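Have a look at the structure below before the remarks.
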Amino acid sequence: MNVDVSPDGATLVFDLLGDLYTLPVGGGEAVLLRGGVSFDTHPRFSPDGTRVLFTSDQSGCQNLWTVGADGTGAAQLTNEPYRFVSHGAWSPDGATVAAVKWFTSTRSIPAGEVWLFPASGADAGAGTRLAGRATDSDQVGPEEPVFTPDGASVLFSENVLDGLTYEYSKNPHAGIYAIKRVPAAGGAPETLVQLSGGACRPVVSHDGSRVAFVRRALFGSTLMLLDVATRALAEYRLPSGLSTDQQVSSAPHGTYPGFAFSPDDQLLYIWAHGKLWRVVVATGAMTEIPFSASVRLNLAETVRAKYDASTGEAFTARVLRTPALSAGLDTLVVSAAGWLWAAEVAGGNVSSAAAVRVTPQSSVFEFAPALSLDGTQLVYTTWSDEAFGAVVVRDVASGTEQRMGLPRGRYADPSFSHDGRWIVYTRLGGDSQSGSTDALNPGIYAAPVDESAAPVLVSSGTTGVFAADDAAVLVFRASSVVSIPLAALEKGAAVSTTIATGAYTTEMALSADGRFLIFAEFYELYAVDVALQTLPVVASSRPGSTPPGLVRLSRSGGEFVRFVQGTTQAAFMLGAALHLVDVAAALAACGPGSDDSNDFGLACVEAFTRVVEVEAKVPTRVAELQDHVVVFDNAKLLPMRGDIAEVIEGGRIVVAGDRIVALGPRESVAIPPGATVVDVGGGVVMPGFIDSHAHWSGGSRYFVQQNWEFVANMAFGVTTMHNPSASTVNVFSDAELVRSGRKLGSRLLSTGTIIYGADGTARCEINSDADAVAALTRLRSFGAFSAKSYQLPCRSSRQRLLAAARALGMSVVPEGGMNYWWDLTMLVDGHTTVEHNIPVTRLYDDVVTLFAFSGTAYSPTLVVAFGATSGEHYWYQNTNVWENERLLRYVPQLGIYSRSLRPPIHADDRDYDHVVVSESVARLAAAGVDTGLGAHGQQHGIAFHWEMWMFAQGGMSPMECLASATVRAARALGLDGQLGQLAPGLVADLVVYAPEHDPTSDIRNSEHVRFVVKDGVVYDAATMDEVLPNAAPRPPLPPLNIPVVGVDF
């Protein structure tokens, strides 16, 4: 709660859950000054006491407003549509307001600048920068401005520890923030206070002689007083202390709530520990100001889509990659679920097409098909974890294949020359999934199909295709297209012509004749006639920067755009929907008259577009399990139904195929004939764990057959992972590989690519309802049921996404990114969850009550706690991670040894304030909030259990921790009724423990999983060998660790 006192000393004004209240200084019943849907905060009385300055999102974005001291005459003072503004402070004459304008670069961590605005609001767009960032890419800057009483200077606080780049889990004792002073007329800032424990949230006395501020002292925060004349410091050892400051966080809501001197400078009015206090300046005596406030908030209905996460006997692939079409546009070849598929798509009336497998094999993964111009040859790449990658040429008619004799390595995106005699392909370097062996000499190469000559290195870049005359290779990078003549390469010359560049482009395609360019920018596809441009073409859809005749090709995005060889037709995919566009005709008809800066003739272009839904039906292992029945007998069952404390001792659970069919006491559940019985000796059987906030690397242009991250997590009992930030096409490609059974691992769910509010190529602007629908449609097309709103700076954008999600049947899981105010609006507006913890470490009744009423779930990810030291450091410091045999079996050793043998942070246990965050999580769970466990991908496998153990550190019982790992996470994500419980008809995802490792008696036993069951298939968790229905060793992983030869030491 930010608090201020009126100039006559009689009235306090404060904020509470986004509303403003007034209160007599002695306490009592607070009076609502301003309420409603808008989130209003940080009130400050004007020097004459007639108006109150505050921050509000009433305009859709966070700006400065004023309102009369009687609650009438609200007026907007600033009008920023993107750079949100906060922390306004009056000049002594009331004519000017200092405030923080927040800027983001490609990283979403905002950096502040102090700006001055006219208090009249006559020109809401006016403003002058007073103290700024050093560079536009800075992630820290000036914050919390306040004028000196003479109006000559402005004080502010600034993070001086991080330099230009924000860092997490900083050392608060080193002095993160300092207080600086800058002339109000402009000039260079000077440091006023910098000391151990930092100095933040300056408040100047009315006589200008003293500055009160907040500092971290040992394991809490304290109030300090600076004598401006002598620079002498005094520390108040307040009886109750202050609440923990926010210096370790990126705190756009403030490092500490605003407070104020009384008009006579004898008192300070301040918030701490959920209460308002009066502090006597002379003695530090601290008296609570008793008050009550009637709070009425209009809460939106929570958005939460129900999702069927079951595997099924077969599924229709949603991610069809790298479309290859014959020149006649009749045959399509794509890659899906690691196989090549072909479909006949000829005819203008064809709107759907069934795809069939191209090859019969299942021993390798197949990617990146391309057809020769005459349609007689097909080239593609393969991957095997043991043999690595290959480039394969297939005769279409006979099916005979030639594996090109290239060095062992990783290959991507081959394509033919127009005469069919050469291939251009990309050789990739190593990565976190396949390791670093055989990774030398990456680049784009050209090689003759008959291998009569050695491959020629063309260039670095993403991919290449031959120009129309086969005399040059067009090299594509995310931000450029260049043409490189082969003749120059033969002479050893580095000659290239840049055809196009783009500051925000992510993909480009150029017709072989060089006439037409397509580029992807901010998720949409655009085309331009190169003949109308000056080279290099500047590829941009930004107002004022668009090339002449630009047209938009996509309504909801598109991936894998390419020109069909020998034509001016372009193809791209939106999930399983093939889009074919006659680019030449579209540009001729739609380009000249297109002056719509949003749609660029899209409606016109759609008349030249054909869409074909391609159905590739992928089989799964579930069909093989129909006769598989397994019974776990003599078990301690934790059903997690209704009352989470329910325990069935001496229980029995029956699994048939991929489903639970019966459970209960042994005497009431019969063993079906022919069932395999596993006597667990009284050990626990419970639902499989759900990681509600997971991350992983995954594949990109090829995918390994076995991903160590997936296997490691499953070995520790995690059967479902929800990734709220990942490349859309890549994460759902991996998900379909796992779903098919070709890849071992947890069930993979994801939002796909985040809907990002910062700058850079990932930015996703939501300025209209149509923008929101397009963004969610794009994600849903590839398999998303949830979307992540990631620090969109305007609340109106977040609300548009929620409206679109309601209409499309999706969930929205946002991240407030250490912005307390935004987190609270997400509760009010009905988001599905809040991802990451609310950055204020200890929550009080106001927020706990709001959270409970909102229906929003919570995934606090204590391993990377906001506003506190990330919890993972506690476990690196206090456990011998390097000795965990199960972890070492799957996780690359370098990452374990480097973090655990020499932990980057070593702190006193009292400095690990993730425990305080956890105590708030426990309070929320007790109030009915579904609290899910999210390991954030920190240390795959074991970090999920760290998170569980940290929930226990905050006061949860073992059963409550296990509920958060299962049923609560399932409810949060709309998976209940499928996962997270033991009940007939639910998916058979289980975790089984030996009796000596009962997690209900000691939650630290949770890591010692004996069996993990996914879709009814039973695995030995220690080795991930399959036990039932087929005893089989785990498939080998790619070579990730240095092999050991000789005697170990």
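Chain labels run A, B, ... following the order of the structure tokens; each chain numbers its residues from 1, and ligands are numbered from 1 in the order shown.
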*Which residues come within 10 Å of Phe522 of chain A, counting only C-alpha atoms, excluding same-chain residues fewer than 3 positions away, as a VMD selection string?*
chain A and resid 504 to 506 525 540 to 541 557 760 to 765
*Do you know which residues are at most 8 Å from segment 273-276 of chain A counting only C-alpha atoms, after dropping those on the same chain fewer than 4 positions away, and could you put them as a PyMOL selection string?*
chain A and resi 1+242-243+269+288-290+844-845
Write a file of the just-selected residues containing N, CA and C atoms, as a PDB file, in the first residue's frame.
ATOM      1  N   MET A   1       0.845  -1.184   0.000  1.00  0.00           N
ATOM      2  CA  MET A   1       0.000   0.000   0.000  1.00  0.00           C
ATOM      3  C   MET A   1       0.886   1.241   0.000  1.00  0.00           C
ATOM      4  N   LEU A 242      10.511  -3.223   8.861  1.00  0.00           N
ATOM      5  CA  LEU A 242       9.770  -3.025   7.622  1.00  0.00           C
ATOM      6  C   LEU A 242       9.592  -4.357   6.919  1.00  0.00           C
ATOM      7  N   SER A 243       8.676  -4.404   5.993  1.00  0.00           N
ATOM      8  CA  SER A 243       8.583  -5.567   5.122  1.00  0.00           C
ATOM      9  C   SER A 243       9.795  -5.590   4.207  1.00  0.00           C
ATOM     10  N   TYR A 269       4.575   8.483   7.732  1.00  0.00           N
ATOM     11  CA  TYR A 269       3.477   7.545   7.536  1.00  0.00           C
ATOM     12  C   TYR A 269       3.928   6.516   6.508  1.00  0.00           C
ATOM     13  N   GLU A 288       0.811   1.563  15.204  1.00  0.00           N
ATOM     14  CA  GLU A 288      -0.103   1.133  14.148  1.00  0.00           C
ATOM     15  C   GLU A 288      -1.266   2.112  14.027  1.00  0.00           C
ATOM     16  N   ILE A 289      -1.676   2.369  12.790  1.00  0.00           N
ATOM     17  CA  ILE A 289      -2.860   3.179  12.515  1.00  0.00           C
ATOM     18  C   ILE A 289      -3.999   2.215  12.198  1.00  0.00           C
ATOM     19  N   PRO A 290      -4.918   2.010  13.109  1.00  0.00           N
ATOM     20  CA  PRO A 290      -5.981   1.035  12.857  1.00  0.00           C
ATOM     21  C   PRO A 290      -6.964   1.561  11.809  1.00  0.00           C
ATOM     22  N   TYR A 844      -0.584 -10.736   2.135  1.00  0.00           N
ATOM     23  CA  TYR A 844      -1.452 -10.508   3.283  1.00  0.00           C
ATOM     24  C   TYR A 844      -2.900 -10.776   2.901  1.00  0.00           C
ATOM     25  N   ASP A 845      -3.801 -10.543   3.853  1.00  0.00           N
ATOM     26  CA  ASP A 845      -5.190 -10.956   3.678  1.00  0.00           C
ATOM     27  C   ASP A 845      -5.821 -10.373   2.422  1.00  0.00           C
TER      28      ASP A 845
END
*asked:* I'd like the interatomic distance between atom CA of Gly699 of chain A and atom CA of Asp734 of chain A, to a tenth of an Å.
replied: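 Separation of atom CA of Gly699 of chain A and atom CA of Asp734 of chain A: 7.0 Å.
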Segment 274-359 of chain A residues near segment 412-423 of chain A within 12 Å, closest pair each, using only C-alpha atoms, as JSON lines:
{"residue": "A:Arg321", "atom": "CA", "partner": "A:Asp413", "partner_atom": "CA", "distance": 11.0}
{"residue": "A:Thr322", "atom": "CA", "partner": "A:Asp413", "partner_atom": "CA", "distance": 8.4}
{"residue": "A:Pro323", "atom": "CA", "partner": "A:Asp413", "partner_atom": "CA", "distance": 11.1}
{"residue": "A:Ala324", "atom": "CA", "partner": "A:Ser415", "partner_atom": "CA", "distance": 9.6}
{"residue": "A:Leu325", "atom": "CA", "partner": "A:Ser415", "partner_atom": "CA", "distance": 11.8}
{"residue": "A:Ala327", "atom": "CA", "partner": "A:His418", "partner_atom": "CA", "distance": 10.9}
{"residue": "A:Ser335", "atom": "CA", "partner": "A:Asp413", "partner_atom": "CA", "distance": 11.6}
*asked:* To test your reading of the structure, identify every residue in segment 602-646 of chain A that backbone DSSP assigns to alpha helix (DSSP H), and report it as a ChimeraX atom specification.
replied: /A:602-605
Kindly save the residues from that selection, with C-alpha atoms included, as a short mmCIF file (atom, residue, chain, number, x, y, z; two decimals), in the first residue's frame.
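This is the output file part-v8.cif:
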data_model
loop_
_atom_site.label_atom_id
_atom_site.label_comp_id
_atom_site.auth_asym_id
_atom_site.auth_seq_id
_atom_site.Cartn_x
_atom_site.Cartn_y
_atom_site.Cartn_z
CA LEU A 602 -5.18 -9.22 -47.48
CA ALA A 603 -8.83 -9.60 -48.47
CA CYS A 604 -7.81 -9.18 -52.09
CA VAL A 605 -4.92 -11.62 -51.75
#
Residues near Leu962 of chain A, cut-off 12 Å, only C-alpha atoms, skip fewer than 5 positions along chain, as a CSV table (one decimal) with N, CA, C and O atoms, in the first residue's frame:
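Full text of part_15.csv as output:
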chain,number,residue,atom,x,y,z
A,638,LEU,N,-3.2,-43.2,-3.2
A,638,LEU,CA,-3.5,-41.8,-2.9
A,638,LEU,C,-4.3,-41.3,-4.1
A,638,LEU,O,-3.8,-40.9,-5.1
A,639,PRO,N,-5.6,-41.4,-4.0
A,639,PRO,CA,-6.5,-41.1,-5.2
A,639,PRO,C,-6.5,-39.6,-5.6
A,639,PRO,O,-6.7,-39.3,-6.8
A,640,MET,N,-6.3,-38.7,-4.6
A,640,MET,CA,-6.3,-37.3,-4.9
A,640,MET,C,-7.7,-36.9,-5.4
A,640,MET,O,-7.8,-36.0,-6.3
A,644,ILE,N,-8.2,-34.5,-0.5
A,644,ILE,CA,-6.8,-34.9,-0.9
A,644,ILE,C,-6.2,-35.8,0.2
A,644,ILE,O,-5.2,-36.5,-0.1
A,645,ALA,N,-6.7,-35.8,1.4
A,645,ALA,CA,-6.1,-36.6,2.4
A,645,ALA,C,-6.5,-38.1,2.4
A,645,ALA,O,-6.1,-38.9,3.1
A,684,VAL,N,3.4,-46.8,-2.0
A,684,VAL,CA,2.5,-45.8,-2.5
A,684,VAL,C,2.3,-45.9,-4.0
A,684,VAL,O,3.3,-46.0,-4.7
A,685,VAL,N,1.0,-45.8,-4.4
A,685,VAL,CA,0.7,-45.6,-5.8
A,685,VAL,C,-0.2,-44.4,-5.9
A,685,VAL,O,-1.2,-44.3,-5.2
A,686,MET,N,0.2,-43.5,-6.7
A,686,MET,CA,-0.5,-42.2,-6.8
A,686,MET,C,-0.5,-41.7,-8.3
A,686,MET,O,0.2,-42.3,-9.1
A,687,PRO,N,-1.2,-40.6,-8.6
A,687,PRO,CA,-1.2,-40.1,-10.0
A,687,PRO,C,0.2,-39.6,-10.4
A,687,PRO,O,1.0,-39.2,-9.6
A,688,GLY,N,0.5,-39.7,-11.7
A,688,GLY,CA,1.7,-39.2,-12.2
A,688,GLY,C,1.9,-37.7,-12.0
A,688,GLY,O,0.9,-37.0,-11.9
A,689,PHE,N,3.1,-37.2,-11.8
A,689,PHE,CA,3.3,-35.8,-11.5
A,689,PHE,C,3.1,-35.0,-12.7
A,689,PHE,O,3.4,-35.4,-13.9
A,690,ILE,N,2.6,-33.7,-12.5
A,690,ILE,CA,2.4,-32.7,-13.6
A,690,ILE,C,3.2,-31.5,-13.3
A,690,ILE,O,3.1,-30.9,-12.3
A,691,ASP,N,4.2,-31.2,-14.2
A,691,ASP,CA,5.0,-30.0,-14.1
A,691,ASP,C,4.2,-28.9,-14.8
A,691,ASP,O,4.2,-28.9,-16.0
A,717,GLY,N,9.4,-39.3,-12.2
A,717,GLY,CA,7.9,-39.4,-12.0
A,717,GLY,C,7.1,-38.3,-12.7
A,717,GLY,O,5.9,-38.4,-12.5
A,931,THR,N,-2.6,-24.5,-6.4
A,931,THR,CA,-1.2,-24.2,-6.5
A,931,THR,C,-0.5,-25.3,-7.2
A,931,THR,O,-0.4,-26.4,-6.7
A,932,GLY,N,0.1,-25.1,-8.4
A,932,GLY,CA,0.8,-26.1,-9.1
A,932,GLY,C,2.3,-26.0,-9.0
A,932,GLY,O,2.8,-24.9,-8.7
A,933,LEU,N,2.9,-27.1,-9.2
A,933,LEU,CA,4.4,-27.2,-9.1
A,933,LEU,C,5.0,-26.9,-10.5
A,933,LEU,O,4.6,-27.6,-11.5
A,944,PHE,N,11.9,-30.6,-10.0
A,944,PHE,CA,10.5,-30.7,-9.7
A,944,PHE,C,10.4,-31.1,-8.2
A,944,PHE,O,9.5,-30.6,-7.5
A,945,HIS,N,11.2,-32.0,-7.8
A,945,HIS,CA,11.2,-32.4,-6.4
A,945,HIS,C,11.7,-31.3,-5.4
A,945,HIS,O,11.2,-31.1,-4.3
A,947,GLU,N,11.1,-28.2,-6.0
A,947,GLU,CA,9.9,-27.3,-5.8
A,947,GLU,C,9.0,-27.9,-4.8
A,947,GLU,O,8.4,-27.2,-4.0
A,948,MET,N,8.7,-29.2,-4.9
A,948,MET,CA,7.8,-29.9,-3.9
A,948,MET,C,8.3,-29.7,-2.5
A,948,MET,O,7.6,-29.4,-1.6
A,949,TRP,N,9.6,-29.9,-2.3
A,949,TRP,CA,10.2,-29.7,-1.0
A,949,TRP,C,10.1,-28.3,-0.5
A,949,TRP,O,10.0,-28.1,0.7
A,951,PHE,N,7.7,-26.2,-1.2
A,951,PHE,CA,6.3,-26.1,-0.8
A,951,PHE,C,6.2,-26.5,0.7
A,951,PHE,O,5.5,-25.9,1.5
A,952,ALA,N,6.9,-27.6,1.0
A,952,ALA,CA,6.9,-28.1,2.4
A,952,ALA,C,7.6,-27.1,3.3
A,952,ALA,O,7.2,-26.9,4.5
A,956,MET,N,3.3,-26.5,4.0
A,956,MET,CA,2.4,-27.5,3.5
A,956,MET,C,2.8,-28.9,4.0
A,956,MET,O,4.0,-29.2,4.1
A,957,SER,N,1.8,-29.7,4.2
A,957,SER,CA,2.0,-31.1,4.6
A,957,SER,C,2.4,-31.9,3.4
A,957,SER,O,2.2,-31.5,2.3
A,967,VAL,N,-3.3,-33.2,-8.6
A,967,VAL,CA,-4.7,-32.8,-8.9
A,967,VAL,C,-4.8,-31.3,-9.0
A,967,VAL,O,-5.6,-30.8,-9.8
A,968,ARG,N,-4.1,-30.6,-8.1
A,968,ARG,CA,-4.2,-29.1,-8.2
A,968,ARG,C,-3.6,-28.6,-9.5
A,968,ARG,O,-4.2,-27.7,-10.1
A,969,ALA,N,-2.5,-29.1,-10.0
A,969,ALA,CA,-1.9,-28.7,-11.3
A,969,ALA,C,-2.9,-29.1,-12.4
A,969,ALA,O,-3.1,-28.4,-13.4
A,980,GLY,N,-4.1,-36.4,-13.1
A,980,GLY,CA,-4.0,-35.8,-11.8
A,980,GLY,C,-4.7,-36.6,-10.6
A,980,GLY,O,-4.6,-36.2,-9.5
A,981,GLN,N,-5.5,-37.6,-11.0
A,981,GLN,CA,-6.2,-38.3,-10.0
A,981,GLN,C,-6.2,-39.8,-10.3
A,981,GLN,O,-5.9,-40.2,-11.5
A,991,VAL,N,2.6,-43.0,-10.5
A,991,VAL,CA,3.9,-43.1,-9.8
A,991,VAL,C,3.8,-44.1,-8.7
A,991,VAL,O,2.9,-44.1,-7.9
A,998,ASP,N,8.1,-43.9,1.3
A,998,ASP,CA,6.7,-43.3,1.3
A,998,ASP,C,6.8,-41.8,1.4
A,998,ASP,O,7.3,-41.3,2.4
A,999,PRO,N,6.4,-41.0,0.4
A,999,PRO,CA,6.5,-39.6,0.4
A,999,PRO,C,5.5,-39.0,1.4
A,999,PRO,O,5.6,-37.8,1.7
A,1000,THR,N,4.5,-39.7,1.8
A,1000,THR,CA,3.5,-39.1,2.8
A,1000,THR,C,4.1,-39.0,4.2
A,1000,THR,O,3.6,-38.2,5.0
A,1001,SER,N,5.1,-39.8,4.5
A,1001,SER,CA,5.7,-39.7,5.8
A,1001,SER,C,6.9,-38.8,5.8
A,1001,SER,O,7.2,-38.1,6.8
A,1002,ASP,N,7.6,-38.6,4.6
A,1002,ASP,CA,8.7,-37.7,4.5
A,1002,ASP,C,8.7,-37.3,3.0
A,1002,ASP,O,9.0,-38.1,2.1
A,1003,ILE,N,8.4,-36.0,2.8
A,1003,ILE,CA,8.3,-35.5,1.4
A,1003,ILE,C,9.6,-35.6,0.7
A,1003,ILE,O,9.6,-35.7,-0.6
A,1004,ARG,N,10.7,-35.7,1.4
A,1004,ARG,CA,12.0,-35.8,0.7
A,1004,ARG,C,12.2,-37.2,0.1
A,1004,ARG,O,13.1,-37.4,-0.7
A,1005,ASN,N,11.2,-38.1,0.3
A,1005,ASN,CA,11.3,-39.4,-0.4
A,1005,ASN,C,10.7,-39.3,-1.8
A,1005,ASN,O,10.8,-40.3,-2.5
A,1006,SER,N,10.2,-38.2,-2.1
A,1006,SER,CA,9.4,-38.1,-3.4
A,1006,SER,C,10.3,-38.4,-4.6
A,1006,SER,O,9.8,-38.8,-5.6
A,1007,GLU,N,11.6,-38.1,-4.5
A,1007,GLU,CA,12.5,-38.3,-5.7
A,1007,GLU,C,12.7,-39.8,-5.9
A,1007,GLU,O,13.1,-40.2,-7.0
